[in-house]
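**Student:** input-v8.csv is reproduced in full below (CSV, C-alpha atoms and all ligand atoms).
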```csv
chain,number,residue,atom,x,y,z
A,1,MET,CA,18.3,2.9,-10.1
A,2,GLU,CA,17.7,-0.4,-11.7
A,3,ASN,CA,16.9,-3.4,-9.5
A,4,LEU,CA,19.4,-6.0,-10.6
A,5,THR,CA,17.9,-8.8,-8.5
A,6,LYS,CA,17.2,-11.6,-10.9
A,7,GLU,CA,14.9,-13.6,-8.6
A,8,HIS,CA,11.2,-12.8,-8.5
A,9,LEU,CA,10.5,-12.3,-4.8
A,10,GLY,CA,6.7,-12.7,-5.1
A,11,PHE,CA,3.8,-10.4,-5.9
A,12,GLU,CA,4.4,-6.8,-4.7
A,13,ILE,CA,2.1,-4.0,-3.8
A,14,GLY,CA,3.2,-0.4,-3.2
A,15,PRO,CA,1.8,1.9,-0.5
A,16,ILE,CA,-0.7,4.1,-2.3
A,17,ARG,CA,-3.0,4.7,-5.2
A,18,PRO,CA,-5.3,7.6,-6.1
A,19,PRO,CA,-8.8,7.3,-4.5
A,20,SER,CA,-10.2,7.0,-8.0
A,21,GLU,CA,-8.3,3.7,-8.4
A,22,ALA,CA,-10.0,2.0,-5.5
A,23,ASP,CA,-11.3,-0.8,-7.7
A,24,SER,CA,-8.1,-1.1,-9.8
A,25,LEU,CA,-5.7,-4.0,-9.8
A,26,LEU,CA,-2.5,-2.5,-8.3
A,27,LEU,CA,0.5,-3.6,-10.3
A,28,ARG,CA,3.9,-2.5,-9.0
A,29,VAL,CA,6.2,-1.5,-11.8
A,30,THR,CA,8.6,0.7,-9.8
A,31,ARG,CA,9.3,0.9,-6.0
A,32,ASN,CA,9.0,4.3,-4.2
A,33,CYS,CA,9.8,7.6,-5.9
A,34,PRO,CA,12.8,8.5,-8.1
A,35,TRP,CA,12.6,12.2,-7.0
A,36,ASN,CA,11.6,11.8,-3.3
A,37,LYS,CA,12.4,15.4,-2.4
A,38,CYS,CA,9.0,17.2,-2.3
A,39,LYS,CA,8.9,18.9,1.1
A,40,PHE,CA,5.2,18.1,1.8
A,41,CYS,CA,5.5,14.4,0.9
A,42,GLY,CA,6.8,11.9,3.5
A,43,LEU,CA,5.5,8.9,1.8
A,44,TYR,CA,8.7,7.4,0.5
A,45,LYS,CA,11.2,9.1,2.8
A,46,GLY,CA,14.1,6.8,3.6
A,47,LYS,CA,13.2,4.4,0.9
A,48,ASN,CA,15.3,3.8,-2.2
A,49,PHE,CA,13.9,3.9,-5.6
A,50,SER,CA,14.2,1.0,-7.9
A,51,ILE,CA,12.7,-0.2,-11.2
A,52,ARG,CA,11.4,-3.7,-11.0
A,53,PRO,CA,12.7,-5.9,-13.9
A,54,LYS,CA,10.0,-6.1,-16.6
A,55,GLU,CA,9.9,-9.9,-16.3
A,56,HIS,CA,8.9,-9.6,-12.6
A,57,VAL,CA,6.0,-7.4,-13.5
A,58,LEU,CA,4.9,-9.8,-16.2
A,59,LYS,CA,5.2,-12.6,-13.6
A,60,ASP,CA,2.9,-10.7,-11.2
A,61,ILE,CA,0.4,-10.4,-14.1
A,62,ASP,CA,0.6,-14.1,-14.6
A,63,LEU,CA,0.0,-14.7,-10.9
A,64,VAL,CA,-3.2,-12.6,-10.9
A,65,LYS,CA,-4.3,-14.4,-14.1
A,66,GLN,CA,-3.8,-17.7,-12.4
A,67,CYS,CA,-6.0,-16.6,-9.5
A,68,ILE,CA,-8.7,-15.2,-11.8
A,69,ASP,CA,-8.8,-18.4,-14.0
A,70,THR,CA,-9.1,-20.5,-10.8
A,71,PHE,CA,-12.0,-18.3,-9.4
A,72,LYS,CA,-13.8,-18.7,-12.7
A,73,GLU,CA,-13.3,-22.5,-12.7
A,74,MET,CA,-14.5,-22.8,-9.1
A,75,ILE,CA,-18.0,-21.7,-10.1
A,76,GLU,CA,-18.5,-25.1,-11.9
A,77,VAL,CA,-17.4,-27.4,-9.0
A,78,ASP,CA,-18.7,-28.4,-5.6
A,79,LEU,CA,-17.6,-27.1,-2.2
A,80,SER,CA,-14.9,-29.7,-1.4
A,81,GLU,CA,-13.3,-29.3,-4.8
A,82,ARG,CA,-13.3,-25.6,-4.4
A,83,GLN,CA,-11.3,-25.9,-1.1
A,84,THR,CA,-8.8,-28.1,-2.8
A,85,MET,CA,-8.4,-25.7,-5.7
A,86,ILE,CA,-7.9,-22.7,-3.4
A,87,LYS,CA,-5.2,-24.6,-1.4
A,88,GLN,CA,-3.4,-25.6,-4.6
A,89,LEU,CA,-3.7,-22.1,-5.9
A,90,ARG,CA,-2.2,-20.6,-2.7
A,91,ASP,CA,0.7,-23.1,-2.8
A,92,ASN,CA,1.4,-22.2,-6.4
A,93,LEU,CA,1.5,-18.4,-5.8
A,94,GLY,CA,4.9,-18.6,-4.0
A,95,GLN,CA,6.2,-15.8,-1.8
A,96,ASN,CA,3.6,-13.1,-0.8
A,97,ALA,CA,0.8,-15.5,-1.8
A,98,ASP,CA,-1.6,-13.4,0.3
A,99,TYR,CA,-0.8,-10.2,-1.7
A,100,ALA,CA,-1.5,-11.9,-5.0
A,101,TYR,CA,-4.6,-13.8,-3.8
A,102,ASN,CA,-6.2,-10.8,-2.1
A,103,SER,CA,-5.4,-8.4,-5.0
A,104,ALA,CA,-6.9,-10.8,-7.4
A,105,ILE,CA,-10.0,-11.6,-5.4
A,106,ASN,CA,-10.7,-7.9,-4.8
A,107,TRP,CA,-10.2,-7.1,-8.4
A,108,TYR,CA,-12.4,-10.0,-9.5
A,109,ARG,CA,-15.1,-8.8,-7.1
A,110,THR,CA,-15.1,-5.3,-8.5
A,111,GLY,CA,-15.3,-6.3,-12.2
A,112,MET,CA,-11.7,-6.2,-13.3
A,113,GLU,CA,-12.0,-3.1,-15.4
A,114,SER,CA,-8.9,-1.1,-14.5
A,115,VAL,CA,-5.3,-1.4,-13.6
A,116,PHE,CA,-3.1,1.1,-11.8
A,117,LEU,CA,0.7,1.0,-12.2
A,118,GLN,CA,2.5,1.7,-9.0
A,119,ASP,CA,4.5,3.5,-7.4
A,120,GLY,CA,5.2,7.2,-7.4
A,121,ASN,CA,6.4,7.7,-11.0
A,122,SER,CA,6.3,4.6,-13.2
A,123,MET,CA,6.6,6.8,-16.3
A,124,ILE,CA,10.3,6.8,-15.7
A,125,ILE,CA,10.8,3.3,-17.1
A,126,LYS,CA,12.0,2.7,-20.7
A,127,PRO,CA,9.1,3.3,-23.1
A,128,ASP,CA,9.6,-0.1,-24.7
A,129,ASP,CA,9.3,-1.8,-21.3
A,130,MET,CA,6.2,0.2,-20.5
A,131,ILE,CA,4.7,-0.8,-23.9
A,132,ASP,CA,5.5,-4.5,-23.2
A,133,ILE,CA,3.8,-4.4,-19.8
A,134,LEU,CA,0.8,-2.6,-21.2
A,135,THR,CA,0.5,-5.1,-24.1
A,136,TYR,CA,0.8,-8.0,-21.7
A,137,ILE,CA,-1.9,-6.7,-19.4
A,138,ARG,CA,-4.2,-6.2,-22.4
A,139,LYS,CA,-3.4,-9.7,-23.7
A,140,GLN,CA,-4.1,-11.4,-20.3
A,141,PHE,CA,-7.1,-9.3,-19.4
A,142,PRO,CA,-8.7,-8.1,-22.6
A,143,GLN,CA,-11.7,-6.8,-20.7
A,144,VAL,CA,-9.6,-4.0,-19.0
A,145,ASN,CA,-10.8,-0.6,-20.1
A,146,ARG,CA,-8.4,1.6,-18.2
A,147,ILE,CA,-4.7,1.5,-17.3
A,148,THR,CA,-3.4,4.4,-15.3
A,149,SER,CA,-0.1,5.6,-13.8
A,150,TYR,CA,1.3,8.4,-11.7
A,151,GLY,CA,3.8,10.5,-13.6
A,152,ARG,CA,6.1,13.4,-12.7
A,153,GLY,CA,5.8,16.4,-14.9
A,154,LYS,CA,9.5,16.8,-15.4
A,155,ASN,CA,9.8,13.2,-16.6
A,156,ILE,CA,6.8,13.3,-18.9
A,157,ALA,CA,8.1,16.5,-20.5
A,158,ARG,CA,11.2,14.5,-21.5
A,159,ILE,CA,9.3,11.6,-23.2
A,160,SER,CA,9.0,12.1,-26.9
A,161,ASP,CA,5.5,12.6,-28.4
A,162,GLU,CA,6.1,9.5,-30.4
A,163,ASP,CA,6.8,7.3,-27.4
A,164,LEU,CA,3.9,8.7,-25.5
A,165,LYS,CA,1.6,8.0,-28.4
A,166,ARG,CA,3.0,4.4,-28.6
A,167,MET,CA,2.2,4.0,-24.9
A,168,ALA,CA,-1.3,5.3,-25.5
A,169,ASP,CA,-1.8,2.9,-28.4
A,170,ALA,CA,-0.6,0.1,-26.2
A,171,GLY,CA,-3.4,0.9,-23.7
A,172,LEU,CA,-2.1,3.5,-21.2
A,173,ASN,CA,-5.2,5.7,-21.0
A,174,ARG,CA,-4.8,7.9,-17.9
A,175,ILE,CA,-1.9,9.7,-16.2
A,176,HIS,CA,-2.1,11.4,-12.8
A,177,ILE,CA,0.3,14.3,-12.4
A,178,GLY,CA,0.9,16.0,-9.0
A,179,MET,CA,1.2,19.5,-10.2
A,180,GLU,CA,0.3,20.8,-6.7
A,181,THR,CA,1.0,24.4,-7.8
A,182,ALA,CA,2.2,26.2,-10.9
A,183,ASP,CA,3.7,29.2,-9.1
A,184,ASN,CA,7.4,29.1,-9.6
A,185,LYS,CA,8.2,30.5,-6.2
A,186,VAL,CA,6.1,27.9,-4.4
A,187,LEU,CA,7.4,25.1,-6.6
A,188,GLU,CA,10.9,26.1,-5.5
A,189,LEU,CA,10.0,26.4,-1.9
A,190,ILE,CA,8.4,22.9,-1.8
A,191,ASN,CA,11.3,21.5,-3.8
A,192,LYS,CA,9.1,20.1,-6.5
A,193,GLY,CA,12.0,20.1,-9.0
A,194,VAL,CA,9.9,21.3,-11.9
A,195,ASP,CA,8.8,24.8,-13.1
A,196,LYS,CA,5.5,26.1,-14.4
A,197,GLN,CA,6.4,25.9,-18.0
A,198,THR,CA,7.6,22.3,-17.8
A,199,GLN,CA,4.3,21.4,-15.9
A,200,ILE,CA,2.4,23.0,-18.8
A,201,GLU,CA,4.4,21.2,-21.5
A,202,ALA,CA,4.0,17.9,-19.7
A,203,GLY,CA,0.3,18.3,-19.4
A,204,GLN,CA,-0.2,19.3,-23.0
A,205,LYS,CA,2.0,16.4,-24.1
A,206,VAL,CA,-0.2,13.9,-22.3
A,207,LYS,CA,-3.3,15.4,-23.9
A,208,ARG,CA,-1.7,15.4,-27.3
A,209,ALA,CA,-1.0,11.7,-27.0
A,210,GLY,CA,-4.7,11.1,-26.4
A,211,ILE,CA,-4.2,10.0,-22.8
A,212,GLU,CA,-6.6,11.2,-20.1
A,213,LEU,CA,-5.0,13.6,-17.7
A,214,SER,CA,-5.6,14.2,-13.9
A,215,GLU,CA,-3.8,17.2,-12.5
A,216,TYR,CA,-3.6,17.7,-8.7
A,217,PHE,CA,-3.9,21.1,-7.0
A,218,MET,CA,-3.0,21.8,-3.4
A,219,PRO,CA,-4.7,24.7,-1.8
A,220,GLY,CA,-2.5,26.0,1.0
A,221,ILE,CA,0.8,24.7,-0.2
A,222,GLY,CA,2.2,28.3,-0.7
A,223,GLY,CA,1.4,29.0,3.0
A,224,ASN,CA,-0.3,32.3,3.8
A,225,GLU,CA,2.3,34.3,2.1
A,226,TYR,CA,1.9,32.9,-1.4
A,227,SER,CA,-1.8,31.9,-1.2
A,228,ARG,CA,-2.9,34.4,-3.9
A,229,GLN,CA,-0.2,33.5,-6.4
A,230,ASN,CA,-0.7,29.8,-5.8
A,231,ALA,CA,-4.3,30.2,-6.9
A,232,LEU,CA,-3.7,32.5,-9.8
A,233,GLU,CA,-0.6,30.8,-11.3
A,234,THR,CA,-2.1,27.4,-11.0
A,235,ALA,CA,-5.4,28.5,-12.7
A,236,ASP,CA,-3.3,30.0,-15.5
A,237,ALA,CA,-1.4,26.8,-16.1
A,238,LEU,CA,-4.5,24.7,-15.9
A,239,ASN,CA,-6.2,27.0,-18.5
A,240,GLN,CA,-3.3,26.2,-20.8
A,241,ILE,CA,-3.5,22.5,-20.3
A,242,ASN,CA,-7.2,21.8,-20.0
A,243,PRO,CA,-6.7,18.5,-18.1
A,244,ASP,CA,-9.6,16.0,-18.1
A,245,PHE,CA,-9.6,16.1,-14.3
A,246,ILE,CA,-8.5,18.7,-11.7
A,247,ARG,CA,-8.3,17.0,-8.3
A,248,ILE,CA,-8.2,19.0,-5.1
A,249,ARG,CA,-5.8,17.9,-2.3
A,250,THR,CA,-5.8,20.4,0.6
A,251,THR,CA,-2.4,20.8,2.1
A,252,VAL,CA,-1.7,18.7,5.2
A,253,VAL,CA,1.5,18.9,7.1
A,254,THR,CA,2.2,15.3,8.0
A,255,ASP,CA,4.7,14.3,10.7
A,256,ASN,CA,7.0,12.4,8.3
A,257,ALA,CA,7.2,15.3,5.7
A,258,PRO,CA,10.2,17.7,5.7
A,259,LEU,CA,7.6,20.5,5.6
A,260,LYS,CA,6.8,19.7,9.3
A,261,GLU,CA,10.2,21.2,10.3
A,262,ASP,CA,9.4,24.5,8.5
A,263,TYR,CA,5.9,24.4,10.1
A,264,VAL,CA,7.2,23.9,13.6
A,265,LYS,CA,9.8,26.7,13.1
A,266,GLY,CA,7.1,29.0,11.8
A,267,ILE,CA,8.8,29.3,8.3
A,268,PHE,CA,5.8,27.7,6.7
A,269,THR,CA,2.4,28.9,8.0
A,270,ARG,CA,-0.4,26.6,7.0
A,271,PRO,CA,-3.4,28.6,6.0
A,272,ASN,CA,-6.5,27.9,8.0
A,273,ASP,CA,-9.6,26.5,6.5
A,274,GLU,CA,-11.1,29.9,5.7
A,275,LYS,CA,-8.0,31.0,3.9
A,276,MET,CA,-7.8,27.8,1.9
A,277,VAL,CA,-11.4,28.1,0.9
A,278,GLU,CA,-10.7,31.6,-0.3
A,279,GLU,CA,-7.7,30.3,-2.2
A,280,LEU,CA,-9.6,27.6,-3.9
A,281,LEU,CA,-12.4,30.0,-4.7
A,282,LEU,CA,-9.9,32.3,-6.4
A,283,MET,CA,-8.4,29.5,-8.3
A,284,ILE,CA,-11.8,28.2,-9.6
A,285,GLU,CA,-13.0,31.7,-10.4
A,286,ASN,CA,-10.0,32.1,-12.6
A,287,LEU,CA,-10.4,28.9,-14.6
A,288,GLU,CA,-11.5,30.0,-18.0
A,289,GLY,CA,-12.1,28.4,-21.4
A,290,ILE,CA,-11.6,24.8,-20.2
A,291,THR,CA,-13.8,21.7,-19.9
A,292,SER,CA,-12.1,19.9,-17.0
A,293,THR,CA,-14.0,18.0,-14.4
A,294,ILE,CA,-13.1,19.1,-10.9
A,295,LYS,CA,-13.0,16.3,-8.3
A,296,SER,CA,-12.8,16.7,-4.5
A,297,ASP,CA,-12.2,13.0,-4.0
A,298,HIS,CA,-10.2,13.1,-0.8
A,299,ILE,CA,-11.2,13.3,2.9
A,300,VAL,CA,-8.7,16.1,3.5
A,301,ASN,CA,-10.9,18.5,1.5
A,302,LEU,CA,-13.3,20.6,3.6
A,303,ILE,CA,-16.2,21.0,1.1
A,304,THR,CA,-16.9,17.8,-0.8
A,305,GLU,CA,-19.5,19.6,-3.0
A,306,VAL,CA,-16.7,21.3,-4.9
A,307,GLU,CA,-17.2,18.9,-7.8
A,308,GLY,CA,-18.4,19.4,-11.3
A,309,LYS,CA,-17.8,19.9,-15.0
A,310,LEU,CA,-16.5,23.2,-16.3
A,311,PRO,CA,-17.9,25.5,-17.4
A,312,ARG,CA,-21.3,24.1,-16.6
A,313,ASP,CA,-20.9,23.7,-12.8
A,314,LYS,CA,-18.5,26.6,-12.1
A,315,GLU,CA,-21.1,28.7,-10.4
A,316,LYS,CA,-22.4,25.7,-8.3
A,317,MET,CA,-18.8,25.1,-7.0
A,318,ILE,CA,-18.2,28.8,-6.4
A,319,SER,CA,-21.5,28.9,-4.4
A,320,ALA,CA,-20.5,26.0,-2.2
A,321,LEU,CA,-17.2,27.8,-1.3
A,322,ARG,CA,-19.0,31.1,-0.7
A,323,TRP,CA,-21.6,29.3,1.5
A,324,PHE,CA,-18.8,28.4,3.9
A,325,LEU,CA,-17.3,31.9,4.0
A,326,SER,CA,-20.8,33.4,4.6
A,327,LEU,CA,-21.3,31.3,7.8
A,328,ASP,CA,-20.8,33.1,11.1
A,329,GLU,CA,-17.8,32.1,13.2
A,330,GLU,CA,-19.6,29.7,15.5
A,331,GLU,CA,-21.1,27.8,12.5
A,332,ARG,CA,-17.8,27.6,10.7
A,333,ILE,CA,-16.2,26.0,13.9
A,334,ILE,CA,-19.0,23.4,14.0
A,335,PHE,CA,-18.6,22.6,10.4
A,336,LYS,CA,-14.8,22.4,10.5
A,337,VAL,CA,-14.8,20.1,13.6
A,338,GLY,CA,-17.7,18.1,12.1
A,339,ARG,CA,-15.6,17.5,8.9
A,340,ARG,CA,-12.4,16.7,10.7
A,341,THR,CA,-14.0,14.3,13.0
A,342,ALA,CA,-15.7,12.7,10.0
A,343,LEU,CA,-19.1,13.2,11.7
A,344,MET,CA,-20.1,15.5,8.8
A,345,SER,CA,-19.4,15.0,5.2
A,346,LEU,CA,-21.8,17.3,3.4
A,347,MET,CA,-22.8,20.9,3.7
A,348,ALA,CA,-26.3,19.8,4.6
A,349,ASP,CA,-24.9,17.9,7.7
A,350,LEU,CA,-24.5,21.3,9.4
A,351,TYR,CA,-28.3,21.5,9.6
A,352,ASP,CA,-28.8,17.9,10.7
A,353,PRO,CA,-29.8,18.1,14.5
A,354,PHE,CA,-28.4,14.7,15.3
A,355,LYS,CA,-24.9,15.3,13.8
A,356,ARG,CA,-24.8,18.9,15.1
A,357,THR,CA,-25.5,17.8,18.6
A,358,ARG,CA,-22.7,15.3,18.5
A,359,VAL,CA,-20.2,17.8,17.1
A,360,GLU,CA,-21.3,20.4,19.6
A,361,ARG,CA,-20.6,17.9,22.4
A,362,ILE,CA,-17.1,17.3,21.1
A,363,ILE,CA,-16.5,21.1,20.9
A,364,GLU,CA,-17.6,21.5,24.5
A,365,THR,CA,-15.8,18.4,25.9
A,366,ASN,CA,-12.5,19.4,24.3
A,367,ASN,CA,-12.8,23.1,25.0
A,368,ILE,CA,-12.5,24.0,21.3
A,369,THR,CA,-12.6,27.7,20.8
A,370,LYS,CA,-12.0,30.1,17.9
A,371,GLU,CA,-8.5,30.6,19.3
A,372,ASN,CA,-7.5,26.9,19.2
A,373,VAL,CA,-9.7,25.4,16.5
A,374,ASP,CA,-7.2,25.7,13.7
A,375,GLY,CA,-4.4,23.9,15.6
A,376,ILE,CA,-6.8,21.1,16.5
A,377,VAL,CA,-7.9,20.9,12.9
A,378,ASP,CA,-4.3,20.6,11.7
A,379,GLU,CA,-3.7,17.7,14.2
A,380,ALA,CA,-6.9,15.9,13.1
A,381,MET,CA,-6.0,16.2,9.4
A,382,ASN,CA,-2.6,14.7,10.1
A,383,ARG,CA,-4.5,11.6,11.3
A,384,PHE,CA,-6.3,11.3,7.9
A,385,ILE,CA,-3.1,10.8,5.9
B,401,LIG,S1,7.2,13.3,-6.8
B,401,LIG,FE1,5.3,12.6,-5.8
B,401,LIG,S2,5.9,10.8,-4.7
B,401,LIG,FE2,7.8,11.8,-5.2
B,401,LIG,S3,8.3,13.1,-3.5
B,401,LIG,FE3,7.1,14.4,-4.9
B,401,LIG,S4,5.0,14.2,-4.2
B,401,LIG,FE4,6.2,12.5,-3.2
```
As structure tokens, what does this structure read like?

**Tutor:**
Amino acid sequence: MENLTKEHLGFEIGPIRPPSEADSLLLRVTRNCPWNKCKFCGLYKGKNFSIRPKEHVLKDIDLVKQCIDTFKEMIEVDLSERQTMIKQLRDNLGQNADYAYNSAINWYRTGMESVFLQDGNSMIIKPDDMIDILTYIRKQFPQVNRITSYGRGKNIARISDEDLKRMADAGLNRIHIGMETADNKVLELINKGVDKQTQIEAGQKVKRAGIELSEYFMPGIGGNEYSRQNALETADALNQINPDFIRIRTTVVTDNAPLKEDYVKGIFTRPNDEKMVEELLLMIENLEGITSTIKSDHIVNLITEVEGKLPRDKEKMISALRWFLSLDEEERIIFKVGRRTALMSLMADLYDPFKRTRVERIIETNNITKENVDGIVDEAMNRFI
């Protein structure tokens, strides 16, 4: 698992970050995913996991610091001197100079407030190494107010409370866990490699350490067959964890995910939008006694208005879901196609004559009917990922 390469091969960036980390500096601590077996996830398939040596990560931090210091100094000098400084800076950044330079300039532009530790599960590294990295980020960039990582529930459940607290004290203040579902049967079917009880223990552990927690829920991941228990079991687990954020990620069957094979063979039947809205509705209706904020911060979700703080906004979110289910079939088709073509983003867009006409034209031109709309929606969603 360890990357034994001694040489630092330049600044690195992994493939993804949560949408909420759009303004964060992406710092690659590990490469790819140590589990890499979830059926719905094709992100790291065929790629080996490795842990970057701590010194390489610290070197990346230094490269960004070098860029930021130069940007600050440039304010004081004239144009020709600035050009010389940029050239010198780029020469000094070594391999992957563009990655370091572009990362730094984007981060500088957005206020340098947060850092996201990539890739799929950086919580797997030795706690002492994590603490050294966190401490160094805080030392080099004292203005940073949030450092975040993805973490796998199974892994986090194994970290001692003491080590997690030490990481929190060193500045790790948010962890994203892809729970996806808490139903044991569905967890087994999607090969998540973790059970409901372990998911609950991991979430509670993060909260105990004083670290903010985002849990992800995937409506539809149990297929049509396990839709109801996917909703109910996940709600039950979330009620026991009370995460700071519950993030909705509607199931998409991507071409590079092993789930695609089950989908093609008919073993996995992806619920249509109506069914997934019903599932999400059931899940939210069953959230009780928690104060989480629900976020619908991904383009794959049908109704972006399903956002709010519990318990205050529960009825508002339920109403948004019921609104869709109350539409007649023709209206639902227009909204589904409008969302999946990105011509509509809000419920109100269904009543916007300009947007409606454009969507109706697409429906007509492509012969979209109630019989074929769900297949076309599936294809369109695949393009979003
Ligand atoms: S743990 Fe996360 S990154 Fe790894 S395979 Fe599963 S979903 Fe993908």

**Student:** Between A:Gly289, A:Gly151, A:Pro311, A:Gly223, which residue has the minimum interatomic distance to A:Met276, considering all atoms listed in the file?

**Tutor:**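 Closest to A:Met276 of all the choices is A:Gly223.
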
**Student:** Set the distance at 12 Å and use all atoms listed in the file: which residues neighbour stretch 356-369 of chain A once local chain neighbours fewer than 2 positions away are removed? I'd like the list as a PyMOL selection string.

**Tutor:** chain A and resi 329-345+347-354+371-377

**Student:** Could you list, as an MDAnalysis selection string, all protein and nucleic acid residues with an atom at most 7 Å from ligand LIG 401 (chain B), counting all atoms listed in the file?

**Tutor:** chainID A and resid 33:38 41:44 120 152 178 192

**Student:** Using all atoms listed in the file, which residues sit within 12 Å of A:Arg312 once same-chain residues fewer than 6 positions away are excluded, as a list in words?

**Tutor:**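 These residues fall inside the cut-off: Glu288, Gly289, Ile290, Thr291, Ser292, Thr293, Ile294 and Ile318 of chain A.
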
**Student:** Can you work out which one of A:Phe268, A:Ile68, A:Gln95, A:Met74 has the shortest atom-to-atom distance to A:Leu9, counting only C-alpha atoms?

**Tutor:**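 Of the candidates, the smallest distance to A:Leu9 is held by A:Gln95.
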
**Student:** Please determine, counting all atoms listed in the file, which residue among A:Thr181, A:Thr70, A:Ser160, A:Ser24 has the shortest atom-to-atom distance to A:Thr110.

**Tutor:**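 Looking only at the distances to A:Thr110, the closest residue turns out to be A:Ser24.
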
**Student:** Could you give me, as a tab-separated table, a per-residue list for stretch 37-115 of chain A showing, wherever an atom lies at most 12 Å from an atom of stretch 127-135 of chain A, the closest pair of atoms and their distance in Å to one decimal, using only C-alpha atoms and sorting by chain then residue number from low to high?

**Tutor:**
```
residue	atom	partner	partner_atom	distance
A:Ile51	CA	A:Asp129	CA	10.8
A:Arg52	CA	A:Asp129	CA	10.7
A:Pro53	CA	A:Asp129	CA	9.1
A:Lys54	CA	A:Asp129	CA	6.4
A:Glu55	CA	A:Ile133	CA	8.9
A:His56	CA	A:Ile133	CA	10.2
A:Val57	CA	A:Ile133	CA	7.3
A:Leu58	CA	A:Ile133	CA	6.6
A:Lys59	CA	A:Ile133	CA	10.4
A:Asp60	CA	A:Ile133	CA	10.7
A:Ile61	CA	A:Ile133	CA	8.9
A:Asp62	CA	A:Ile133	CA	11.5
A:Ser114	CA	A:Leu134	CA	11.9
A:Val115	CA	A:Leu134	CA	9.8
```

**Student:** Please identify all polymer residues within 7 Å of A:Gly220, counting all atoms listed in the file, omitting same-chain residues fewer than 4 positions from it, and present them as a PyMOL selection string.

**Tutor:** chain A and resi 227+250-251+270-271+276

**Student:** The residues within 10 Å of (7.6, 21.5, -16.8), using all atoms listed in the file and the coordinates of the file, should be reported as a PyMOL selection string; which are they?

**Tutor:** chain A and resi 152-158+179+182+193-203

**Student:** May I ask which of the residues A:Asp262, A:Asp183, A:Asp273, A:Glu188 is the closest one to A:Leu232, counting all atoms listed in the file?

**Tutor:**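 Of the candidates, the smallest distance to A:Leu232 is held by A:Asp183.
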
**Student:** Quote the spacing between atom CA of A:Glu113 and atom CA of A:Arg17 in Å to one decimal place.

**Tutor:**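 We find that atom CA of A:Glu113 and atom CA of A:Arg17 lie 15.7 Å from each other.
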
**Student:** Report, in Å to a single decimal, how far apart atom CA of A:Arg31 and atom CA of A:Phe11 are.

**Tutor:** 12.6 Å

**Student:** Which residue, A:Arg90, A:Lys295, A:Arg166, A:Lys72, has the smallest gap to A:Lys309 when you use all atoms listed in the file?

**Tutor:**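 Comparing A:Arg90, A:Lys295, A:Arg166, A:Lys72 against A:Lys309, the winner is A:Lys295.
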
**Student:** I'd like to know which of A:Ala209, A:Leu259, A:Ile248, A:Val277 is closest to A:Asp297, using only C-alpha atoms.

**Tutor:**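 For A:Asp297, the nearest of the candidates is A:Ile248.
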
**Student:** Just give me the residues with any atom within 12 Å of (-1.1, 15.0, 13.7), file coordinates, counting all atoms listed in the file, written as a PyMOL selection string.

**Tutor:** chain A and resi 252-257+260+340+375-385

**Student:** Which residues, written as an MDAnalysis selection string, have at least one atom at most 7 Å from stretch 140-147 of chain A, with only C-alpha atoms counted and residues fewer than 3 positions away on the same chain left out?

**Tutor:** chainID A and resid 65 112:116 136:137 171:174

**Student:** Calculate how many Å separate atom CA of A:Gly10 from atom CA of A:Asn102, rounding to one decimal.

**Tutor:** 13.4 Å
